[in-house]
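Contents: one structure, followed by commentary.
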Protein chains: 2
Amino acid sequence: MTSSDNTERLVHVPLGERAYDILIGPGLIGRAGGEISTRIKGRKAAIVTDEHVGALYLDPLMDSLQTDGIEAVSISLPPGEKTKSFDSLTKVCDVLLEARIERNDTVIALGGGVIGDLTGFAAGIVRRGVRFVQIPTSLLSQVDSSVGGKTGINTRHGKNLVGIFNQPDLVLADTDVLNTLSEREFRAGYAEVAKYGLIDKPDFFEWLENNWKEVFSGGAARIEAIATSCQAKADVVVADERENGRRALLNLGHTFGHALEAATEYDSRRLVHGEGVSIGMVLAHQFSARLNLASPDDAARVEAHLKAVGLPTRIDEIPGELPSTEFLMDAIAQDKKVKGGKLTFILTRGIGQSFVADDVPASEVISFLEEKRKK
Amino acid sequence: MTSSDNTERLVHVPLGERAYDILIGPGLIGRAGGEISTRIKGRKAAIVTDEHVGALYLDPLMDSLQTDGIEAVSISLPPGEKTKSFDSLTKVCDVLLEARIERNDTVIALGGGVIGDLTGFAAGIVRRGVRFVQIPTSLLSQVDSSVGGKTGINTRHGKNLVGIFNQPDLVLADTDVLNTLSEREFRAGYAEVAKYGLIDKPDFFEWLENNWKEVFSGGAARIEAIATSCQAKADVVVADERENGRRALLNLGHTFGHALEAATEYDSRRLVHGEGVSIGMVLAHQFSARLNLASPDDAARVEAHLKAVGLPTRIDEIPGELPSTEFLMDAIAQDKKVKGGKLTFILTRGIGQSFVADDVPASEVISFLEEKRKK
């Protein structure tokens, strides 16, 4: 699980005619033009980014494309979850059509999950699909949203309720850009890294317990952790591209996490996605212990590690008042992973032994949450 | 090619896990609930229709669904091409989410091509795809847009430039509803029926020459013509689902036709799609003769048949002034079938012998059009 040098890693996602590569390593934005032009025929590109990320990386990316003979336009959107809307989608499609992006030309998402989800959706519907390259710039998007092909926008009914499955043609995870993330943002992404260990890779979780400081400080261990995470997600996606079964495991910690995000009205000052997942994963392990499925020691071990890296692990760490348990239950039931009214949770039999439980009694969840909130 | 009774026909479209059936025959709206409930698990449906079609068929469809235990909501949109917009798409998605349509529930398109294209798009993006049933109510949509999975909307840059490939789960082509179409609308749909003969079925074209009156008057010949057309389109789509090669043949007559539609500003009082295709098919045969690819006799035979059924076959039959040949050429070049700047046309070596030509010199097209406009 260790790697002695700092060189690039490649994860191949073998999805038949939708197969693609994920490159992970330093300096990839500066080499984007070359990597794209060897894989994609068209000589035109459109970059979609947000104002924060664009200020840092749009110029170097444009330069790299130009060097390799790719003519590019760009659109910069406001940062934040509100950008995942029908309005932005309409605007991005208009820019792509105005630039005469054709089927063999490239749309590039330069940014975090919001930009990736929105751009992947637009790239999949303009001319019923043009080429799509992800350049994820947060740890979260490098290990999660840039792998798997889920794209989408939010509506007043909830998050990600409108979208398509659209696999990218190439993902460039430039690990240099992670140096400009805030500690809090890096930690939030790390929650998803730890998740892959907790799903079905107990050795990887143990490696993280021993090496997390090196992952945070950068270099070979960081590249290793990202590559292992991408490979883990790719394995799940290949087994279940359209999310009918096994892919649900990726939601470990997410049902509780999403409910907590809804409870804080998606206010990132109070809770960001990865923090919700961190608390959610601890709750999932504690809830599994309560149902006598797993040992309480495993839940304690998960909590200790996430706490060590500086992530929140308890509901009462969320600043401000939280709504009633009834509200949380309602948010859990509204979650799109609910099928035919039954409560579906990802539970576990121990570290790296998670599984899909699709008939969890609501009464058990309610009393568990009530208990946890009193602590 | 003849059929002696009036019974239903079934065309199976074998697209692997996206395979589906097209049922063709009388009384299918009244049996929709039964046909859907044997194929689709969910007990909820949402019907998208337009105000004209809805007034005639929404009640019987709702009744049929209710009889088979399917709870349905509906939305009725203004008729016409303007409904294929981002605004309508947003509205339809909102209605589907409000009704809590889940992945195994059904979205039903009840209408012509506009409703089918818009609804198929919405059904493919809500929750990244829910079940989708087409009930096409025009001859054109029964033989063309309801087969093949192309969905989409228009933008200020052109028609159908935003959309997805989304195969339906079931198509119910109720031939009774065609009795309420105007003669002009039926004829326009008939142009696409004739097209399948001209692409690669000379026997079918000959059968149409001998039996078109029976097709127009209804009954077994009509069902036969629709089933043969659906089968022809299904064959092409199965060979080339994502339109990379052979599927382009379906555009016979459409490059000229679309340019004429643009030239009349899509004013249906002057020219509807099928009429443009009729003139376009005659032009494609005449142009092929001019390039010494086909005999002028074949062009004359095509023109004679389309004229006999009452379709326009010459540019000068379009009422009102037309813009310059330069405008027409620009519309041809803007067509999304242009790849890398070259002019792609569907040409022919004779009745039922069409082929894709992707390097037609613009100068030849210009002088041909100039000549045809003088006549």
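Each chain in the structure tokens gets a letter, A, B and so on, in the order shown; residues start at 1 in every chain, and ligands are counted from 1 in the order they appear.
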
| task | Identify, with DSSP run on backbone atoms, the residues in region 70-136 of chain B assigned to strand (DSSP E or B), and express the list as a list in words. | result | Glu71, Ala72, Val73, Ser74, Ile75, Ser76, Leu77, Thr106, Val107, Ile108, Ala109, Leu110, Gly111, Val126, Arg131, Phe132, Val133, Gln134, Ile135 and Pro136 of chain B

Which residues of chain B are close to chain A, meaning at most 6 Å apart when you count only C-alpha atoms, and how do they look as a PDB file with N, CA and C atoms, in the first residue's frame?
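Saved as out.pdb:
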ATOM      1  N   ILE B 125     -33.930  12.433 -17.528  1.00  0.00           N
ATOM      2  CA  ILE B 125     -33.067  13.196 -16.606  1.00  0.00           C
ATOM      3  C   ILE B 125     -33.632  13.278 -15.185  1.00  0.00           C
ATOM      4  N   VAL B 126     -34.941  13.127 -15.000  1.00  0.00           N
ATOM      5  CA  VAL B 126     -35.480  13.140 -13.642  1.00  0.00           C
ATOM      6  C   VAL B 126     -34.995  11.880 -12.920  1.00  0.00           C
ATOM      7  N   ARG B 127     -34.361  12.065 -11.777  1.00  0.00           N
ATOM      8  CA  ARG B 127     -33.733  10.967 -11.017  1.00  0.00           C
ATOM      9  C   ARG B 127     -32.788  10.157 -11.909  1.00  0.00           C
ATOM     10  N   ARG B 128     -32.165  10.830 -12.876  1.00  0.00           N
ATOM     11  CA  ARG B 128     -31.266  10.202 -13.861  1.00  0.00           C
ATOM     12  C   ARG B 128     -31.962   9.060 -14.606  1.00  0.00           C
ATOM     13  N   LEU B 161     -30.880  20.746 -30.582  1.00  0.00           N
ATOM     14  CA  LEU B 161     -29.449  20.829 -30.280  1.00  0.00           C
ATOM     15  C   LEU B 161     -29.121  20.429 -28.850  1.00  0.00           C
ATOM     16  N   VAL B 162     -30.157  20.274 -28.009  1.00  0.00           N
ATOM     17  CA  VAL B 162     -29.939  19.831 -26.630  1.00  0.00           C
ATOM     18  C   VAL B 162     -30.871  18.650 -26.368  1.00  0.00           C
ATOM     19  N   GLY B 163     -30.315  17.539 -25.917  1.00  0.00           N
ATOM     20  CA  GLY B 163     -31.154  16.362 -25.661  1.00  0.00           C
ATOM     21  C   GLY B 163     -30.315  15.155 -25.302  1.00  0.00           C
ATOM     22  N   ILE B 164     -30.965  14.012 -25.234  1.00  0.00           N
ATOM     23  CA  ILE B 164     -30.257  12.760 -24.943  1.00  0.00           C
ATOM     24  C   ILE B 164     -30.838  11.640 -25.808  1.00  0.00           C
TER      25      ILE B 164
END

| message | To test your reading of the structure, identify every residue in region 164-362 of chain A that backbone DSSP assigns to alpha helix (DSSP H), and report it as a PyMOL selection string. | response | chain A and resi 183-200+202-217+220-239+254-263+273-290+296-308+325-334+362

| request: Would you mind reading off the distance between CA of Ala299 (chain A) and CA of Arg270 (chain A), one decimal, in Å? | output: 24.1 Å

| said: Taking 3 positions as the minimum chain separation for residues in the same chain, which residues sit within 10 Å of Ala284 (chain A) when counting only C-alpha atoms? Answer as JSON, numbers by chain. | reply: {"A": [252, 253, 254, 255, 256, 257, 277, 278, 279, 280, 281, 287, 288, 289, 290, 299, 345, 346, 347, 348, 354]}

Pull N, CA, C and O atoms from the residues just selected and write them as a PDB file, in the first residue's frame.
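What follows is the written file result_23.pdb:
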ATOM      1  N   LEU A 252     -22.351   4.905   2.146  1.00  0.00           N
ATOM      2  CA  LEU A 252     -22.024   4.730   3.569  1.00  0.00           C
ATOM      3  C   LEU A 252     -21.851   6.104   4.231  1.00  0.00           C
ATOM      4  O   LEU A 252     -21.084   6.934   3.749  1.00  0.00           O
ATOM      5  N   GLY A 253     -22.599   6.323   5.289  1.00  0.00           N
ATOM      6  CA  GLY A 253     -22.514   7.601   6.005  1.00  0.00           C
ATOM      7  C   GLY A 253     -23.337   8.714   5.384  1.00  0.00           C
ATOM      8  O   GLY A 253     -23.490   9.790   5.975  1.00  0.00           O
ATOM      9  N   HIS A 254     -23.874   8.474   4.193  1.00  0.00           N
ATOM     10  CA  HIS A 254     -24.525   9.559   3.451  1.00  0.00           C
ATOM     11  C   HIS A 254     -25.990   9.773   3.821  1.00  0.00           C
ATOM     12  O   HIS A 254     -26.516  10.862   3.635  1.00  0.00           O
ATOM     13  N   THR A 255     -26.680   8.737   4.279  1.00  0.00           N
ATOM     14  CA  THR A 255     -28.095   8.939   4.616  1.00  0.00           C
ATOM     15  C   THR A 255     -28.200   9.844   5.850  1.00  0.00           C
ATOM     16  O   THR A 255     -28.903  10.859   5.830  1.00  0.00           O
ATOM     17  N   PHE A 256     -27.465   9.499   6.911  1.00  0.00           N
ATOM     18  CA  PHE A 256     -27.406  10.403   8.067  1.00  0.00           C
ATOM     19  C   PHE A 256     -26.792  11.750   7.654  1.00  0.00           C
ATOM     20  O   PHE A 256     -27.268  12.814   8.030  1.00  0.00           O
ATOM     21  N   GLY A 257     -25.721  11.688   6.850  1.00  0.00           N
ATOM     22  CA  GLY A 257     -25.007  12.904   6.448  1.00  0.00           C
ATOM     23  C   GLY A 257     -25.897  13.886   5.702  1.00  0.00           C
ATOM     24  O   GLY A 257     -25.917  15.084   6.009  1.00  0.00           O
ATOM     25  N   VAL A 277     -20.663  13.567   6.149  1.00  0.00           N
ATOM     26  CA  VAL A 277     -20.334  12.168   5.895  1.00  0.00           C
ATOM     27  C   VAL A 277     -19.529  11.591   7.057  1.00  0.00           C
ATOM     28  O   VAL A 277     -19.731  10.436   7.466  1.00  0.00           O
ATOM     29  N   SER A 278     -18.613  12.395   7.605  1.00  0.00           N
ATOM     30  CA  SER A 278     -17.805  11.939   8.742  1.00  0.00           C
ATOM     31  C   SER A 278     -18.710  11.570   9.927  1.00  0.00           C
ATOM     32  O   SER A 278     -18.643  10.460  10.467  1.00  0.00           O
ATOM     33  N   ILE A 279     -19.581  12.497  10.302  1.00  0.00           N
ATOM     34  CA  ILE A 279     -20.518  12.213  11.401  1.00  0.00           C
ATOM     35  C   ILE A 279     -21.414  11.032  11.007  1.00  0.00           C
ATOM     36  O   ILE A 279     -21.660  10.120  11.800  1.00  0.00           O
ATOM     37  N   GLY A 280     -21.871  11.033   9.758  1.00  0.00           N
ATOM     38  CA  GLY A 280     -22.750   9.967   9.274  1.00  0.00           C
ATOM     39  C   GLY A 280     -22.096   8.590   9.335  1.00  0.00           C
ATOM     40  O   GLY A 280     -22.748   7.595   9.685  1.00  0.00           O
ATOM     41  N   MET A 281     -20.804   8.525   9.014  1.00  0.00           N
ATOM     42  CA  MET A 281     -20.120   7.220   9.053  1.00  0.00           C
ATOM     43  C   MET A 281     -19.993   6.721  10.489  1.00  0.00           C
ATOM     44  O   MET A 281     -20.152   5.527  10.764  1.00  0.00           O
ATOM     45  N   PHE A 287     -24.841   2.793  14.966  1.00  0.00           N
ATOM     46  CA  PHE A 287     -26.174   2.231  14.770  1.00  0.00           C
ATOM     47  C   PHE A 287     -26.077   0.728  14.498  1.00  0.00           C
ATOM     48  O   PHE A 287     -26.872  -0.071  15.011  1.00  0.00           O
ATOM     49  N   SER A 288     -25.056   0.332  13.707  1.00  0.00           N
ATOM     50  CA  SER A 288     -24.834  -1.099  13.445  1.00  0.00           C
ATOM     51  C   SER A 288     -24.505  -1.840  14.737  1.00  0.00           C
ATOM     52  O   SER A 288     -24.951  -2.983  14.942  1.00  0.00           O
ATOM     53  N   ALA A 289     -23.732  -1.196  15.612  1.00  0.00           N
ATOM     54  CA  ALA A 289     -23.396  -1.805  16.910  1.00  0.00           C
ATOM     55  C   ALA A 289     -24.658  -1.955  17.754  1.00  0.00           C
ATOM     56  O   ALA A 289     -24.901  -2.985  18.391  1.00  0.00           O
ATOM     57  N   ARG A 290     -25.491  -0.916  17.729  1.00  0.00           N
ATOM     58  CA  ARG A 290     -26.738  -0.928  18.490  1.00  0.00           C
ATOM     59  C   ARG A 290     -27.665  -2.065  18.035  1.00  0.00           C
ATOM     60  O   ARG A 290     -28.411  -2.636  18.840  1.00  0.00           O
ATOM     61  N   ALA A 299     -16.831   0.937  16.009  1.00  0.00           N
ATOM     62  CA  ALA A 299     -17.365   2.296  15.954  1.00  0.00           C
ATOM     63  C   ALA A 299     -16.409   3.255  16.657  1.00  0.00           C
ATOM     64  O   ALA A 299     -16.144   4.366  16.166  1.00  0.00           O
ATOM     65  N   PHE A 345     -30.518   1.686   4.479  1.00  0.00           N
ATOM     66  CA  PHE A 345     -29.306   2.204   5.092  1.00  0.00           C
ATOM     67  C   PHE A 345     -28.123   1.342   4.685  1.00  0.00           C
ATOM     68  O   PHE A 345     -28.276   0.156   4.409  1.00  0.00           O
ATOM     69  N   ILE A 346     -26.931   1.968   4.673  1.00  0.00           N
ATOM     70  CA  ILE A 346     -25.727   1.165   4.550  1.00  0.00           C
ATOM     71  C   ILE A 346     -25.251   0.902   5.975  1.00  0.00           C
ATOM     72  O   ILE A 346     -24.900   1.828   6.716  1.00  0.00           O
ATOM     73  N   LEU A 347     -25.276  -0.350   6.378  1.00  0.00           N
ATOM     74  CA  LEU A 347     -24.832  -0.740   7.724  1.00  0.00           C
ATOM     75  C   LEU A 347     -23.541  -1.544   7.591  1.00  0.00           C
ATOM     76  O   LEU A 347     -23.033  -1.750   6.495  1.00  0.00           O
ATOM     77  N   THR A 348     -22.983  -1.981   8.730  1.00  0.00           N
ATOM     78  CA  THR A 348     -21.692  -2.666   8.668  1.00  0.00           C
ATOM     79  C   THR A 348     -21.594  -3.788   9.698  1.00  0.00           C
ATOM     80  O   THR A 348     -22.265  -3.738  10.747  1.00  0.00           O
ATOM     81  N   SER A 354     -19.085  -3.302   5.121  1.00  0.00           N
ATOM     82  CA  SER A 354     -20.406  -2.666   5.048  1.00  0.00           C
ATOM     83  C   SER A 354     -21.316  -3.415   4.079  1.00  0.00           C
ATOM     84  O   SER A 354     -20.865  -4.173   3.229  1.00  0.00           O
TER      85      SER A 354
END

| query | So which residues touch Pro323 (chain B) within 10 Å, counting only C-alpha atoms, skipping near sequence neighbours fewer than 4 positions away, as a list of chain:residue names? | reply | B:Leu260, B:Ala262, B:Ala263, B:Thr264, B:Phe327, B:Leu328

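The nearest approach to Glu209 (chain B) among the residues B:Arg301, B:Arg373, B:Lys91, B:His273, with only C-alpha atoms taken into account, belongs to B:Arg301.
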